[in-house]
Each structure stands twice: as C-alpha cells, then as structure tokens.
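What follows is protein-v4.txt (compact mmCIF, C-alpha atoms).
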```txt
# COMPACT_ATOMS: atom_id res chain seq x y z
CA MET A 1 0.00 0.00 0.00
CA SER A 2 1.64 3.22 -1.18
CA ASP A 3 1.21 6.57 0.58
CA PRO A 4 -1.57 7.70 -1.83
CA GLN A 5 -3.28 4.39 -1.10
CA VAL A 6 -3.01 5.05 2.64
CA ALA A 7 -4.66 8.44 2.14
CA GLU A 8 -7.46 6.94 0.05
CA PHE A 9 -7.97 4.13 2.54
CA ARG A 10 -8.16 6.67 5.38
CA LYS A 11 -10.81 8.56 3.42
CA GLN A 12 -12.85 5.38 3.01
CA CYS A 13 -12.53 4.59 6.71
CA ASP A 14 -13.69 8.09 7.66
CA TYR A 15 -16.72 7.65 5.39
CA LEU A 16 -17.65 4.37 7.12
CA ARG A 17 -16.95 5.75 10.60
CA ASP A 18 -19.14 8.82 10.03
CA ARG A 19 -22.06 6.53 9.20
CA GLY A 20 -21.49 4.16 12.10
CA TRP A 21 -20.51 1.28 9.85
CA LEU A 22 -16.83 0.91 10.59
CA SER A 23 -17.39 -1.23 13.70
CA LYS A 24 -18.91 -3.91 11.47
CA GLY A 25 -15.87 -4.14 9.23
CA TYR A 26 -12.35 -5.53 9.17
CA VAL A 27 -9.47 -5.70 6.72
CA TYR A 28 -8.60 -9.06 5.18
CA ASN A 29 -4.89 -8.34 5.05
CA PHE A 30 -3.39 -11.34 3.22
CA ASP A 31 -4.61 -14.78 2.17
CA GLU A 32 -2.92 -17.81 3.74
CA PRO A 33 0.58 -16.36 4.06
CA THR A 34 3.67 -18.53 4.27
CA PRO A 35 6.35 -17.69 6.87
CA GLU A 36 8.35 -16.04 4.10
CA GLN A 37 5.43 -13.62 3.58
CA TYR A 38 5.01 -12.60 7.23
CA ALA A 39 7.14 -9.50 6.70
CA VAL A 40 4.76 -8.37 3.94
CA CYS A 41 1.81 -8.93 6.30
CA ARG A 42 3.47 -6.82 8.99
CA ASP A 43 4.25 -4.04 6.52
CA MET A 44 0.68 -4.00 5.24
CA ALA A 45 -0.66 -4.00 8.81
CA GLY A 46 1.48 -0.97 9.64
CA LYS A 47 0.03 0.97 6.74
CA ILE A 48 -3.50 -0.07 7.64
CA ARG A 49 -2.84 1.21 11.18
CA GLN A 50 -1.74 4.54 9.69
CA ALA A 51 -5.10 4.86 7.99
CA GLY A 52 -7.14 3.97 11.04
CA LYS A 53 -5.91 2.74 14.42
CA ASN A 54 -9.13 0.96 15.39
CA ILE A 55 -9.69 -1.03 12.20
CA PRO A 56 -9.50 -4.77 12.92
CA ILE A 57 -7.04 -6.72 10.77
CA LEU A 58 -7.88 -10.32 9.90
CA LEU A 59 -5.33 -12.88 8.76
CA THR A 60 -6.02 -16.43 7.63
CA GLU A 61 -3.27 -17.87 9.79
CA GLN A 62 -2.80 -19.41 13.23
CA PRO A 63 -1.17 -17.22 15.91
CA GLU A 64 2.55 -16.86 15.21
CA GLU A 65 4.93 -14.77 17.30
CA ALA A 66 6.36 -13.14 14.17
CA LEU A 67 2.89 -11.69 13.49
CA TYR A 68 2.04 -10.46 16.99
CA GLY A 69 0.85 -6.87 16.88
CA ALA A 70 -0.08 -7.12 13.20
CA VAL A 71 -3.26 -9.18 13.62
CA ASP A 72 -6.49 -8.55 15.52
CA ILE A 73 -8.52 -11.50 14.20
CA TRP A 74 -6.71 -14.81 13.88
CA CYS A 75 -8.51 -17.03 11.38
CA PRO A 76 -6.75 -20.38 10.89
CA ILE A 77 -8.24 -23.28 8.98
CA LEU A 78 -10.33 -25.51 11.26
CA ASN A 79 -7.80 -28.29 11.87
CA GLU A 80 -5.03 -25.77 12.54
CA TYR A 81 -7.27 -24.05 15.07
CA ALA A 82 -7.77 -27.41 16.80
CA ARG A 83 -4.01 -28.05 16.85
CA ASN A 84 -3.30 -24.61 18.34
CA GLU A 85 -6.43 -24.03 20.40
CA GLN A 86 -4.68 -23.07 23.62
CA LEU A 87 -2.60 -20.46 21.83
CA ASN A 88 -5.76 -19.06 20.21
CA LYS A 89 -7.37 -18.88 23.67
CA GLN A 90 -4.34 -17.02 25.01
CA ARG A 91 -4.59 -14.43 22.26
CA GLN A 92 -8.32 -14.04 22.94
CA ALA A 93 -7.56 -13.42 26.61
CA MET A 94 -5.28 -10.58 25.48
CA GLY A 95 -8.14 -8.92 23.60
CA GLU A 96 -7.60 -10.39 20.13
CA HIS A 97 -10.19 -12.50 18.36
CA ALA A 98 -10.43 -16.11 17.19
CA TRP A 99 -12.24 -17.11 14.01
CA TRP A 100 -11.76 -20.13 11.77
CA TYR A 101 -12.54 -21.26 8.24
CA VAL A 102 -12.97 -24.30 6.03
CA CYS A 103 -12.35 -24.64 2.30
CA LEU A 104 -11.04 -27.68 0.40
CA ALA A 105 -9.77 -28.89 3.75
CA PRO A 106 -10.11 -30.41 6.20
CA GLY A 107 -11.92 -33.44 4.85
CA ALA A 108 -13.93 -36.09 6.65
CA PRO A 109 -14.17 -36.91 9.52
CA TRP A 110 -13.95 -33.14 10.04
CA PRO A 111 -17.13 -31.17 9.26
CA ASN A 112 -17.09 -29.06 6.13
CA TYR A 113 -19.47 -27.51 3.61
CA MET A 114 -18.33 -29.63 0.66
CA LEU A 115 -20.67 -31.86 -1.33
CA THR A 116 -18.64 -34.86 -0.24
CA ASN A 117 -19.55 -34.22 3.41
CA ASP A 118 -22.81 -35.29 5.01
CA PRO A 119 -25.44 -32.53 4.74
CA VAL A 120 -25.73 -32.29 8.53
CA ASP A 121 -22.07 -31.18 8.72
CA ALA A 122 -23.17 -27.74 7.55
CA ARG A 123 -25.02 -27.37 10.84
CA THR A 124 -22.30 -28.87 13.01
CA LEU A 125 -19.69 -26.17 12.49
CA SER A 126 -21.76 -23.46 14.17
CA TRP A 127 -22.35 -25.58 17.26
CA MET A 128 -18.59 -26.17 17.41
CA GLN A 129 -18.17 -22.40 17.38
CA VAL A 130 -20.33 -22.19 20.49
CA GLN A 131 -18.47 -25.08 22.12
CA HIS A 132 -15.06 -23.49 21.58
CA ARG A 133 -16.08 -19.82 21.98
CA VAL A 134 -14.92 -19.04 18.45
CA GLU A 135 -16.27 -15.62 17.53
CA GLY A 136 -16.56 -15.81 13.77
CA GLU A 137 -16.32 -17.90 10.65
CA LEU A 138 -14.89 -16.97 7.28
CA TYR A 139 -16.02 -18.57 4.04
CA TRP A 140 -14.24 -17.41 0.94
CA ALA A 141 -17.04 -17.45 -1.69
CA ASN A 142 -20.65 -18.44 -2.26
CA THR A 143 -20.88 -18.27 -6.05
CA CYS A 144 -17.50 -19.28 -7.47
CA PHE A 145 -18.74 -21.89 -9.96
CA PRO A 146 -16.14 -24.20 -11.54
CA GLY A 147 -17.71 -24.34 -15.00
CA ASP A 148 -21.31 -25.31 -15.70
CA VAL A 149 -22.44 -26.69 -12.36
CA TRP A 150 -25.75 -27.81 -13.87
CA ALA A 151 -24.36 -29.87 -16.73
CA GLN A 152 -21.05 -31.17 -15.37
CA GLY A 153 -20.55 -33.90 -12.83
CA LEU A 154 -19.06 -33.37 -9.39
CA PRO A 155 -15.59 -31.79 -9.81
CA ARG A 156 -13.32 -34.12 -7.88
CA GLU A 157 -10.80 -31.42 -7.08
CA TRP A 158 -13.45 -28.84 -6.15
CA PRO A 159 -16.47 -30.63 -4.65
CA GLY A 160 -18.74 -27.73 -3.83
CA ASP A 161 -16.08 -25.54 -2.25
CA GLY A 162 -16.84 -21.87 -2.77
CA TYR A 163 -20.38 -22.23 -4.06
CA LEU A 164 -23.42 -22.51 -1.82
CA CYS A 165 -25.95 -21.38 -4.41
CA TYR A 166 -26.28 -21.88 -8.15
CA PRO A 167 -26.85 -19.58 -11.15
CA GLY A 168 -30.52 -19.49 -12.06
CA LYS A 169 -30.20 -18.07 -15.57
CA PRO A 170 -29.12 -21.33 -17.31
CA ARG A 171 -32.38 -22.85 -16.07
CA GLY A 172 -34.57 -19.88 -16.93
CA LEU A 173 -34.72 -18.59 -13.36
CA THR A 174 -34.10 -15.11 -12.00
CA GLY A 175 -31.36 -14.78 -9.44
CA PRO A 176 -29.43 -17.46 -7.57
CA VAL A 177 -30.83 -20.87 -6.67
CA THR A 178 -30.32 -22.07 -3.12
CA CYS A 179 -29.13 -25.51 -2.08
CA ILE A 180 -29.54 -27.83 0.90
CA ARG A 181 -26.10 -26.87 2.23
CA ALA A 182 -26.99 -23.16 2.26
CA GLU A 183 -30.27 -23.86 4.03
CA ARG A 184 -28.49 -25.99 6.64
CA ILE A 185 -26.01 -23.18 7.23
CA ARG A 186 -28.95 -20.78 7.66
CA ASP A 187 -30.40 -23.11 10.30
CA ALA A 188 -27.01 -23.29 12.00
CA LYS A 189 -26.67 -19.51 12.20
CA GLU A 190 -30.16 -19.30 13.65
CA ASP A 191 -29.10 -21.87 16.26
CA ILE A 192 -26.15 -19.82 17.46
CA GLU A 193 -28.15 -16.59 17.29
CA LEU A 194 -30.52 -18.20 19.78
CA VAL A 195 -27.56 -19.07 22.02
CA TRP A 196 -26.50 -15.42 21.86
CA LEU A 197 -30.05 -14.34 22.72
CA LEU A 198 -30.18 -16.73 25.68
CA ARG A 199 -26.95 -15.25 27.05
CA GLN A 200 -28.34 -11.73 26.70
CA VAL A 201 -31.60 -12.58 28.44
CA ALA A 202 -29.82 -14.56 31.17
CA ALA A 203 -27.50 -11.61 31.86
CA ARG A 204 -30.48 -9.32 32.37
CA ARG A 205 -32.07 -11.85 34.75
CA GLY A 206 -28.88 -12.72 36.62
CA GLN A 207 -29.17 -16.32 35.42
CA GLN A 208 -25.87 -16.67 33.56
CA ALA A 209 -24.66 -19.80 35.38
CA ARG A 210 -27.89 -21.67 34.74
CA ALA A 211 -27.94 -20.55 31.09
CA GLU A 212 -24.38 -21.75 30.51
CA GLY A 213 -25.37 -25.11 31.97
CA VAL A 214 -28.24 -25.37 29.50
CA ILE A 215 -25.93 -24.39 26.63
CA ARG A 216 -23.44 -27.10 27.63
CA GLN A 217 -26.25 -29.67 27.72
CA ALA A 218 -27.43 -28.57 24.27
CA ILE A 219 -23.91 -28.79 22.84
CA GLY A 220 -23.58 -32.27 24.35
CA LYS A 221 -26.52 -33.43 22.26
CA VAL A 222 -24.74 -32.67 19.00
CA VAL A 223 -20.95 -32.34 19.42
CA THR A 224 -18.28 -34.28 21.31
CA ASP A 225 -15.14 -33.00 19.62
CA PHE A 226 -13.92 -31.86 16.21
CA THR A 227 -14.29 -35.25 14.55
CA HIS A 228 -17.09 -36.79 16.64
CA TYR A 229 -20.54 -35.27 16.32
CA SER A 230 -24.14 -36.26 15.67
CA LYS A 231 -25.33 -37.09 12.17
CA ARG A 232 -29.00 -36.95 13.19
CA ASP A 233 -31.08 -33.88 12.40
CA THR A 234 -33.34 -34.68 15.35
CA ASP A 235 -30.45 -34.10 17.75
CA TYR A 236 -29.85 -30.60 16.38
CA GLU A 237 -33.54 -29.80 16.62
CA ALA A 238 -33.56 -31.05 20.22
CA ALA A 239 -30.55 -28.84 21.05
CA ARG A 240 -32.29 -25.82 19.55
CA ARG A 241 -35.46 -26.63 21.50
CA MET A 242 -33.50 -26.67 24.77
CA ILE A 243 -32.22 -23.16 24.09
CA LEU A 244 -35.67 -21.89 23.08
CA GLU A 245 -37.31 -23.36 26.17
CA GLU A 246 -34.78 -21.68 28.44
CA ILE A 247 -35.28 -18.33 26.72
CA THR A 248 -39.03 -18.75 27.24
CA ARG A 249 -38.57 -19.72 30.88
CA LEU A 250 -36.56 -16.55 31.47
CA GLY A 251 -39.25 -14.46 29.80
CA GLY A 252 -37.08 -13.51 26.87
```
The structure given in the file should be rewritten as structure tokens.
Amino acid sequence: MSDPQVAEFRKQCDYLRDRGWLSKGYVYNFDEPTPEQYAVCRDMAGKIRQAGKNIPILLTEQPEEALYGAVDIWCPILNEYARNEQLNKQRQAMGEHAWWYVCLAPGAPWPNYMLTNDPVDARTLSWMQVQHRVEGELYWANTCFPGDVWAQGLPREWPGDGYLCYPGKPRGLTGPVTCIRAERIRDAKEDIELVWLLRQVAARRGQQARAEGVIRQAIGKVVTDFTHYSKRDTDYEAARRMILEEITRLGG
C-alpha cells in the first residue's frame, strides 16, 4: 500500500466511521501467508494502522509470534485451530479474536461444507463455534462456480467448495438458486443466534450460570469434539429446543 493508497484508505474509513458502519468491518490483510510472507503482512498492517488505528485486521493464519501486533482477528483453517487451540485462547484473553474457516480442507471426519460431506455437517460447524467460543467464521465465496455446475458432474478437485448457491439463468430462473447446504447453514446460524439471545436474556435476569449449563447440555446433544458429532437432524432440533425453552422460561 503506497502513501496515496493510505490516504485513500483513510478517506474510506472516515466515510464508514461517520455513518457508524466501521465497527462492522475488518481488513482481510493477506490470504494464507507462508512464513516467508510474514514481513509483507506486517508491513501491510502498519500501513492499515496509519489509515485507522481501530480497524480490525484479519489474517487467515494461526497465531505466530512473528505476526504479533499485526493481527487482531486470527482465522486459521479448522484443523489448525484445533491443533493450536490453547494459543488461540491465550490471544483471545489478550483482547484479540479467534475465528476459523474451512475450504477444500479439512476433509472427513472433520465437518465441512463440501458436497462430499454429510449434509448435517453444515449445521455442526456453528455448534462447534459455540463449544469453543470461536467468535466468527470466514467462508471465501458463495458463487464461485467451476464451469457449468448444472451440466457437469461433481468436480473431484473442487467438490462444492466456494459455491453454496447456483446460477438461475441457465435454467430460466431469475437470481441465484439455493441448495440444501446453504439452508443448513442458515439453520445453524439461527441456532447460534438463539444461544447469543439466551446469554443476553440470562445476563439481564442474573441467570448466567444456569444458562451456561443449558448451553453445555445442548452442545452435548450434537458435538463431542472436532471429529465426533451427531449425524441426526433430530439431535440438532432437540438442542435448539432446549435453548428456546430456556429463553421462554426466562421471559425472553
């Protein structure tokens, strides 16, 4: 980022800040850097800080000492998060943030959004977020189609990664066409939104300890660890029902 770019970026940040939108944003600094590229990440982070000190910087990498101070949101791939969970927790305790992502990896038995995974896996990942107190999830694309997804068979090297809906025009339809995976992800995000709502209501009622106990019980219905989790939709519905019933009990 050159100096004119810094000035332009600062202008854009001021525009977002004036409208109250900046708090919803972050900068995706660099994609999956190698150790040899860490210096570039640090240099870019410094220039981003020049443009706006409070703009969160996300990096698709696990916490690395060489990057400390240049990252606000650590976003490793799921299996790397699992391998370095304690370090991620330490960085969270220092005020940084932990996200994760999936793409072409990891494969089964890890949950993922690929066509080669069981459909229920698309709901599992969000419950794992609750279990591990992971604050966000990155997914790189929803409509990156590898050729004609209607006419071609399953691309072995790209089995659904990066596309969660389909182009309607080749089938005479207006707009994108949803898929089961996208609808399962929608259900999953509704699940964790209900967990968030329960925590908010419980805090107002002074019932946080009880609420966390209910949340742990609900998680226990669907997830054991990263590679052991329920494949039954009824279990996920039962977990959601537990959260809803507790919200209702608290008068939320």
Quick one: residues within 9 Å of Ile55 of chain A, all atoms listed in the file, excluding same-chain residues fewer than 3 positions away - as a PDB file with C-alpha atoms, in the frame of the given file?
```
ATOM      1  CA  CYS A  13     -12.530   4.590   6.710  1.00  0.00           C
ATOM      2  CA  LEU A  22     -16.830   0.910  10.590  1.00  0.00           C
ATOM      3  CA  SER A  23     -17.390  -1.230  13.700  1.00  0.00           C
ATOM      4  CA  GLY A  25     -15.870  -4.140   9.230  1.00  0.00           C
ATOM      5  CA  TYR A  26     -12.350  -5.530   9.170  1.00  0.00           C
ATOM      6  CA  VAL A  27      -9.470  -5.700   6.720  1.00  0.00           C
ATOM      7  CA  ILE A  48      -3.500  -0.070   7.640  1.00  0.00           C
ATOM      8  CA  ARG A  49      -2.840   1.210  11.180  1.00  0.00           C
ATOM      9  CA  ALA A  51      -5.100   4.860   7.990  1.00  0.00           C
ATOM     10  CA  GLY A  52      -7.140   3.970  11.040  1.00  0.00           C
ATOM     11  CA  ASP A  72      -6.490  -8.550  15.520  1.00  0.00           C
TER      12      ASP A  72
END
```
Review point. What is the distance between atom CA of Ile247 of chain A and atom CA of Tyr229 of chain A, in Å to one decimal?
Key: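 Interatomic distance here is 24.7 Å.
Counting from atom CA of Leu138 of chain A, the distance to atom CA of Pro170 of chain A is 28.7 Å.
When atom CA of Gln131 of chain A is paired with atom CA of Tyr113 of chain A, their separation reads 18.7 Å.
Closest approach to Leu115 of chain A from the set A:Trp100, A:Ala151, A:Ala82, A:Tyr163 is made by A:Tyr163, with distances taken over all atoms listed in the file.
Shown here are all protein and nucleic acid residues lying within 6 Å of (-4.6, -11.4, 9.2), with all atoms listed in the file considered: Asn29, Ile57, Leu58, Leu59, Thr60 and Val71 of chain A.
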Keeping C-alpha atoms for every residue in the selection just given, could you write it to a file as a PDB file, in the coordinates of the input?
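Output (out.pdb):
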```pdb
ATOM      1  CA  ASN A  29      -4.890  -8.340   5.050  1.00  0.00           C
ATOM      2  CA  ILE A  57      -7.040  -6.720  10.770  1.00  0.00           C
ATOM      3  CA  LEU A  58      -7.880 -10.320   9.900  1.00  0.00           C
ATOM      4  CA  LEU A  59      -5.330 -12.880   8.760  1.00  0.00           C
ATOM      5  CA  THR A  60      -6.020 -16.430   7.630  1.00  0.00           C
ATOM      6  CA  VAL A  71      -3.260  -9.180  13.620  1.00  0.00           C
TER       7      VAL A  71
END
```
Practice item. Please provide as a ChimeraX atom specification all residues within 9 Å of Phe145 of chain A, with the sequence filter that same-chain residues fewer than 4 positions apart are discarded (counting only C-alpha atoms). Key: /A:149,160-163,166-167
Practice item. Write out as a list in words the residues lying within 12 Å of Gln92 of chain A, counting only C-alpha atoms and excluding same-chain residues fewer than 5 positions away. Key: Pro63, Val71, Asp72, Ile73, Trp74, Cys75, Glu85, Gln86, Leu87, His97, Ala98, Trp99, His132, Arg133, Val134 and Glu135 of chain A
Practice item. Excluding Val6 of chain A and residues on its chain fewer than 2 positions from it, collect all residues at most 12 Å away from it, counting all atoms listed in the file, and give them as a count of residues only. Key: 19
**Study point:** Top pick for closest residue to Gly175 of chain A, considering A:Thr248, A:Thr143, A:Gln200, A:Thr234 and counting all atoms listed in the file
**Key:**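 Looking only at the distances to Gly175 of chain A, the closest residue turns out to be A:Thr143.
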Exercise for review: Write out as a VMD selection string which residues come within 9 Å of Leu78 of chain A when counting all atoms listed in the file, dropping same-chain ones fewer than 4 positions away.
Suggested key: chain A and resid 82 to 83 100 to 102 105 to 106 110 226
Exercise for review: Rank nothing, just name the residue among A:Ala7, A:Trp21, A:Pro56, A:Ala66 nearest to Gln37 of chain A, using all atoms listed in the file.
Suggested key: A:Ala66
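With distances restricted to only C-alpha atoms, A:Val120 is the closest residue to Glu237 of chain A from A:Leu197, A:Val120, A:Cys179, A:Ala70.
Closest approach to Leu125 of chain A among A:Glu65, A:Lys24, A:Arg205, A:Asp225 is made by A:Asp225 (distances from all atoms listed in the file).
Each of A:Ile215, A:Ala188, A:Leu16, A:Ala141 was checked against Asp233 of chain A using all atoms listed in the file; the smallest atom-to-atom distance is that of A:Ala188.
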Assuming 3 Å of padding per side, give the centre and edge lengths of the axis-aligned box around every listed atom of segment 191-198 of chain A, in Å to one decimal and as JSON.
```
{"center_x": -28.3, "center_y": -18.1, "center_z": 21.0, "size_x": 10.4, "size_y": 13.5, "size_z": 15.4}
```
